[in-house]
file structure.cif (mmCIF, C-alpha atoms)
data_model
loop_
_atom_site.label_atom_id
_atom_site.label_comp_id
_atom_site.auth_asym_id
_atom_site.auth_seq_id
_atom_site.Cartn_x
_atom_site.Cartn_y
_atom_site.Cartn_z
CA MET A 28 0.00 0.00 0.00
CA ALA A 29 1.21 3.47 -0.86
CA ARG A 30 1.31 6.79 0.93
CA VAL A 31 -0.42 9.12 -1.54
CA ILE A 32 0.13 12.87 -1.25
CA PHE A 33 -3.10 14.30 -2.69
CA TYR A 34 -3.39 17.97 -3.67
CA GLU A 35 -7.03 18.96 -4.14
CA LYS A 36 -9.50 21.81 -4.10
CA PRO A 37 -11.09 21.32 -0.66
CA GLY A 38 -14.76 20.40 -0.80
CA CYS A 39 -14.76 19.20 -4.40
CA LYS A 40 -17.01 16.14 -4.73
CA GLY A 41 -14.84 14.61 -7.45
CA GLY A 42 -11.83 14.78 -5.14
CA THR A 43 -13.82 13.13 -2.38
CA LYS A 44 -14.67 10.19 -4.65
CA GLN A 45 -11.04 9.89 -5.71
CA LYS A 46 -9.86 9.78 -2.07
CA VAL A 47 -12.51 7.17 -1.18
CA LEU A 48 -11.28 4.96 -4.02
CA LEU A 49 -7.65 5.32 -2.92
CA THR A 50 -8.50 4.63 0.73
CA ALA A 51 -10.61 1.58 -0.16
CA ALA A 52 -7.57 0.23 -2.01
CA GLY A 53 -5.63 0.43 1.25
CA HIS A 54 -3.60 3.53 0.48
CA GLU A 55 -2.83 6.19 3.05
CA VAL A 56 -4.07 9.49 1.62
CA VAL A 57 -2.45 12.68 2.90
CA THR A 58 -4.46 15.66 1.67
CA TYR A 59 -3.28 19.21 0.99
CA SER A 60 -5.08 22.18 -0.51
CA LEU A 61 -3.94 22.86 -4.05
CA LEU A 62 -5.14 26.45 -3.56
CA THR A 63 -2.96 27.31 -0.54
CA GLU A 64 0.15 25.20 -1.23
CA PRO A 65 3.25 27.43 -1.66
CA TRP A 66 4.05 26.26 -5.21
CA THR A 67 7.18 27.06 -7.16
CA ALA A 68 7.18 26.78 -10.95
CA GLU A 69 9.74 23.96 -10.84
CA ARG A 70 7.80 21.89 -8.29
CA LEU A 71 4.46 22.38 -10.04
CA ARG A 72 6.03 21.51 -13.41
CA SER A 73 7.23 18.17 -12.01
CA PHE A 74 3.63 16.88 -11.83
CA PHE A 75 2.99 17.33 -15.57
CA GLY A 76 5.75 15.09 -16.94
CA ASN A 77 5.78 15.07 -20.74
CA ARG A 78 2.08 15.91 -21.12
CA PRO A 79 1.19 18.72 -23.52
CA VAL A 80 0.54 22.09 -21.82
CA VAL A 81 -3.19 21.89 -22.63
CA GLU A 82 -3.42 18.86 -20.29
CA TRP A 83 -1.99 20.85 -17.37
CA PHE A 84 -5.13 22.98 -17.14
CA ASN A 85 -8.36 22.42 -15.24
CA LYS A 86 -10.97 22.58 -18.02
CA ALA A 87 -13.62 23.54 -15.44
CA ALA A 88 -11.69 26.58 -14.13
CA PRO A 89 -13.85 29.71 -14.46
CA ARG A 90 -11.23 31.55 -16.54
CA VAL A 91 -10.89 28.58 -18.92
CA LYS A 92 -14.65 28.06 -19.29
CA SER A 93 -15.23 31.77 -19.95
CA GLY A 94 -12.60 31.75 -22.71
CA GLU A 95 -10.38 34.28 -20.91
CA VAL A 96 -7.67 31.59 -20.76
CA ASN A 97 -7.15 29.36 -23.81
CA PRO A 98 -4.77 26.51 -22.80
CA GLU A 99 -4.17 25.59 -26.45
CA LYS A 100 -2.41 28.90 -27.08
CA ILE A 101 -0.17 29.04 -23.99
CA ASP A 102 3.45 27.92 -23.65
CA GLY A 103 4.71 26.02 -20.61
CA ASP A 104 6.46 28.92 -18.85
CA THR A 105 3.43 31.21 -19.24
CA ALA A 106 1.11 28.42 -18.06
CA LEU A 107 3.14 27.92 -14.89
CA LEU A 108 3.16 31.66 -14.11
CA MET A 109 -0.60 31.82 -14.60
CA MET A 110 -1.14 28.77 -12.37
CA LEU A 111 1.05 30.19 -9.60
CA ARG A 112 -1.14 33.32 -9.63
CA ASP A 113 -4.45 31.43 -10.00
CA PRO A 114 -4.26 27.84 -8.66
CA LEU A 115 -7.83 27.15 -9.87
CA LEU A 116 -6.24 26.80 -13.33
CA ILE A 117 -4.28 23.70 -12.21
CA ARG A 118 -5.75 20.36 -13.26
CA ARG A 119 -6.64 18.25 -10.25
CA PRO A 120 -5.69 16.28 -8.36
CA LEU A 121 -1.93 16.38 -8.17
CA LEU A 122 -0.68 13.04 -6.84
CA GLU A 123 2.67 12.11 -5.38
CA VAL A 124 3.84 8.65 -4.34
CA GLY A 125 7.52 8.36 -3.49
CA ASP A 126 9.47 10.06 -6.28
CA ARG A 127 6.68 9.85 -8.88
CA ARG A 128 4.22 12.69 -9.50
CA GLU A 129 1.09 12.72 -11.66
CA VAL A 130 -1.77 15.05 -12.56
CA GLY A 131 -5.42 14.10 -13.00
CA PHE A 132 -7.22 10.92 -11.99
CA ASP A 133 -7.04 8.46 -14.86
CA VAL A 134 -8.38 5.32 -13.15
CA GLU A 135 -6.56 2.88 -15.45
CA LYS A 136 -3.24 4.69 -15.14
CA ILE A 137 -3.47 4.95 -11.34
CA ASP A 138 -4.60 1.33 -11.02
CA ALA A 139 -1.55 0.22 -13.03
CA TRP A 140 0.70 2.52 -10.96
CA ILE A 141 -0.33 1.85 -7.34
CA GLY A 142 -3.48 -0.30 -7.58
CA LEU A 143 -7.11 0.68 -7.02
CA LYS A 144 -8.69 -2.67 -6.20
CA ALA A 145 -10.50 -2.72 -2.86
CA VAL A 146 -8.58 -4.50 -0.13
CA ASP A 147 -11.76 -5.48 1.73
CA ASN A 148 -14.70 -7.36 0.17
CA SER A 149 -17.15 -5.01 1.92
CA LEU A 150 -15.69 -2.14 -0.14
CA LYS A 151 -15.43 -4.04 -3.44
CA GLU A 152 -18.83 -3.09 -4.92
CA MET A 153 -18.44 0.60 -4.04
CA SER A 154 -14.91 0.67 -5.49
CA GLU A 155 -15.98 -1.03 -8.71
CA LYS A 156 -18.81 1.50 -9.17
CA LEU A 157 -16.42 4.41 -8.59
CA MET A 158 -13.87 2.97 -11.03
CA GLN A 159 -16.55 2.94 -13.75
CA GLN A 160 -17.22 6.67 -13.31
CA ASP A 161 -15.33 9.47 -15.00
CA LEU A 162 -13.28 10.74 -12.07
CA GLN A 163 -11.28 13.21 -14.17
CA GLY A 164 -13.60 16.20 -14.00
CA CYS A 165 -16.28 17.91 -11.97
CA SER A 166 -18.82 15.45 -10.58
CA HIS A 167 -21.69 17.68 -11.77
CA GLY A 168 -21.09 16.99 -15.45
CA HIS A 169 -20.84 19.64 -18.10
CA ASN A 170 -24.42 20.34 -19.17
CA HIS A 171 -25.48 22.85 -16.57
CA GLU A 172 -24.16 25.90 -14.80
CA HIS A 173 -22.34 25.59 -11.52
CA HIS A 174 -19.84 27.56 -9.53
CA HIS A 175 -16.18 26.68 -8.96
CA GLY A 176 -15.24 29.37 -6.46
CA GLU A 177 -12.86 29.23 -3.53
CA GLY A 178 -15.07 26.74 -1.70
CA GLY A 179 -16.30 23.41 -2.99
CA CYS A 180 -18.05 22.74 -6.24
CA LYS A 181 -21.55 24.03 -5.67
CA HIS A 182 -24.47 23.16 -7.90
CA HIS A 183 -26.99 25.99 -7.66
CA GLY A 184 -30.11 23.91 -8.15
CA LYS A 185 -30.49 24.74 -11.84
CA GLU A 186 -31.93 21.88 -13.82
CA HIS A 187 -30.38 20.79 -17.08
CA GLN A 188 -31.28 23.31 -19.72
CA HIS A 189 -31.92 21.96 -23.20
#
call {"tool": "encode", "arguments": {"input": "structure.cif", "output": "C-alpha cells"}}
result
Amino acid sequence: MARVIFYEKPGCKGGTKQKVLLTAAGHEVVTYSLLTEPWTAERLRSFFGNRPVVEWFNKAAPRVKSGEVNPEKIDGDTALLMMLRDPLLIRRPLLEVGDRREVGFDVEKIDAWIGLKAVDNSLKEMSEKLMQQDLQGCSHGHNHEHHHGEGGCKHHGKEHQH
C-alpha cells in the first residue's frame, strides 16, 4: 500500500470520490489544498511530466470556461506563471507517491501505478462503481451551470437546460 500525497481543491465532490477509491484500495491518503500550497514553478512543473501544456489545465476553471484563458495557445512557462497566480487553473488532483508525480485521476493509469482494487470485500462493490465513473472532472457533469469558487463545487439547483 502506498502513501499518496493528494493535492485537491477542498470540498470538491470529485476529489472526495477519488480519495474514497484510494483509501478503499488500502492507500494512506495525505491531503493538501492545491489552492494554498506554496508552489514554485519547478515543483508544479514536475507533476505534468511530458504531457502537452493543454493537459496541465483544469478545463472547469472559471477563466478557462469563460474563454479568458485558452490553454491551447499558452506555452509552458506562461502556463506555470498563470497557475502560480491562479491555482484554480491547475488540473486536479496532483498526486505524489515516493518520487513519482502525476496530474489528473485516470483510473486505469493509477490502477496500473499503485493499484485501485479494494482490499476489503465489503468495499469491493463501491470501489468497482467508482472505477466505472469518469473521475477526471467535476462530478456535476458539463451540461449545466455551476460555480467553482474558492469553496467546494456548488451546484446551484439549476436543472439541465436543453
call {"tool": "resolve_selection", "arguments": {"input": "structure.cif", "expression": "the PyMOL selection byres ((chain A and resi 118) around 9)", "output": "PDB file with C-alpha atoms, keeping the file's coordinate frame"}}
result
ATOM      1  CA  GLU A  82      -3.420  18.860 -20.290  1.00  0.00           C
ATOM      2  CA  TRP A  83      -1.990  20.850 -17.370  1.00  0.00           C
ATOM      3  CA  PHE A  84      -5.130  22.980 -17.140  1.00  0.00           C
ATOM      4  CA  ASN A  85      -8.360  22.420 -15.240  1.00  0.00           C
ATOM      5  CA  LYS A  86     -10.970  22.580 -18.020  1.00  0.00           C
ATOM      6  CA  ALA A  87     -13.620  23.540 -15.440  1.00  0.00           C
ATOM      7  CA  ALA A  88     -11.690  26.580 -14.130  1.00  0.00           C
ATOM      8  CA  PRO A 114      -4.260  27.840  -8.660  1.00  0.00           C
ATOM      9  CA  LEU A 115      -7.830  27.150  -9.870  1.00  0.00           C
ATOM     10  CA  LEU A 116      -6.240  26.800 -13.330  1.00  0.00           C
ATOM     11  CA  ILE A 117      -4.280  23.700 -12.210  1.00  0.00           C
ATOM     12  CA  ARG A 119      -6.640  18.250 -10.250  1.00  0.00           C
ATOM     13  CA  PRO A 120      -5.690  16.280  -8.360  1.00  0.00           C
ATOM     14  CA  LEU A 121      -1.930  16.380  -8.170  1.00  0.00           C
ATOM     15  CA  VAL A 130      -1.770  15.050 -12.560  1.00  0.00           C
ATOM     16  CA  GLY A 131      -5.420  14.100 -13.000  1.00  0.00           C
ATOM     17  CA  GLY A 164     -13.600  16.200 -14.000  1.00  0.00           C
TER      18      GLY A 164
END
call {"tool": "closest_residue", "arguments": {"input": "structure.cif", "among": "A:Asp126, A:Glu99, A:Asp104, A:Glu64", "to": "A:Pro79", "atoms": "all atoms listed in the file"}}
result
A:Glu99
call {"tool": "atom_distance", "arguments": {"input": "structure.cif", "atom1": "atom CA of A:Phe132", "atom2": "atom CA of A:Ile32"}}
result
13.2 Å
call {"tool": "atom_distance", "arguments": {"input": "structure.cif", "atom1": "atom CA of A:Tyr59", "atom2": "atom CA of A:Glu123"}}
result
11.2 Å
call {"tool": "atom_distance", "arguments": {"input": "structure.cif", "atom1": "atom CA of A:Arg78", "atom2": "atom CA of A:Glu129"}}
result
10.0 Å
call {"tool": "decode", "arguments": {"input": "structure.cif", "residues": "stretch 96-135 of chain A", "atoms": "C-alpha atoms", "output": "mmCIF file, in the first residue's frame"}}
result
data_model
loop_
_atom_site.group_PDB
_atom_site.id
_atom_site.type_symbol
_atom_site.label_atom_id
_atom_site.label_comp_id
_atom_site.auth_asym_id
_atom_site.auth_seq_id
_atom_site.Cartn_x
_atom_site.Cartn_y
_atom_site.Cartn_z
ATOM 1 C CA VAL A 96 -7.670 31.586 -20.756
ATOM 2 C CA ASN A 97 -7.149 29.358 -23.806
ATOM 3 C CA PRO A 98 -4.772 26.515 -22.800
ATOM 4 C CA GLU A 99 -4.173 25.593 -26.451
ATOM 5 C CA LYS A 100 -2.409 28.900 -27.079
ATOM 6 C CA ILE A 101 -0.171 29.042 -23.990
ATOM 7 C CA ASP A 102 3.448 27.918 -23.651
ATOM 8 C CA GLY A 103 4.710 26.024 -20.608
ATOM 9 C CA ASP A 104 6.455 28.922 -18.851
ATOM 10 C CA THR A 105 3.427 31.212 -19.238
ATOM 11 C CA ALA A 106 1.114 28.423 -18.057
ATOM 12 C CA LEU A 107 3.140 27.923 -14.888
ATOM 13 C CA LEU A 108 3.157 31.661 -14.109
ATOM 14 C CA MET A 109 -0.602 31.824 -14.601
ATOM 15 C CA MET A 110 -1.139 28.774 -12.368
ATOM 16 C CA LEU A 111 1.047 30.193 -9.605
ATOM 17 C CA ARG A 112 -1.141 33.319 -9.628
ATOM 18 C CA ASP A 113 -4.452 31.429 -10.003
ATOM 19 C CA PRO A 114 -4.259 27.842 -8.664
ATOM 20 C CA LEU A 115 -7.831 27.147 -9.867
ATOM 21 C CA LEU A 116 -6.237 26.799 -13.326
ATOM 22 C CA ILE A 117 -4.282 23.703 -12.214
ATOM 23 C CA ARG A 118 -5.753 20.364 -13.259
ATOM 24 C CA ARG A 119 -6.641 18.248 -10.247
ATOM 25 C CA PRO A 120 -5.690 16.283 -8.359
ATOM 26 C CA LEU A 121 -1.934 16.380 -8.168
ATOM 27 C CA LEU A 122 -0.678 13.038 -6.838
ATOM 28 C CA GLU A 123 2.675 12.109 -5.377
ATOM 29 C CA VAL A 124 3.840 8.648 -4.337
ATOM 30 C CA GLY A 125 7.519 8.355 -3.494
ATOM 31 C CA ASP A 126 9.466 10.060 -6.279
ATOM 32 C CA ARG A 127 6.683 9.853 -8.878
ATOM 33 C CA ARG A 128 4.219 12.691 -9.504
ATOM 34 C CA GLU A 129 1.092 12.718 -11.664
ATOM 35 C CA VAL A 130 -1.771 15.055 -12.564
ATOM 36 C CA GLY A 131 -5.422 14.104 -13.000
ATOM 37 C CA PHE A 132 -7.221 10.920 -11.987
ATOM 38 C CA ASP A 133 -7.042 8.457 -14.859
ATOM 39 C CA VAL A 134 -8.380 5.320 -13.145
ATOM 40 C CA GLU A 135 -6.561 2.877 -15.454
#
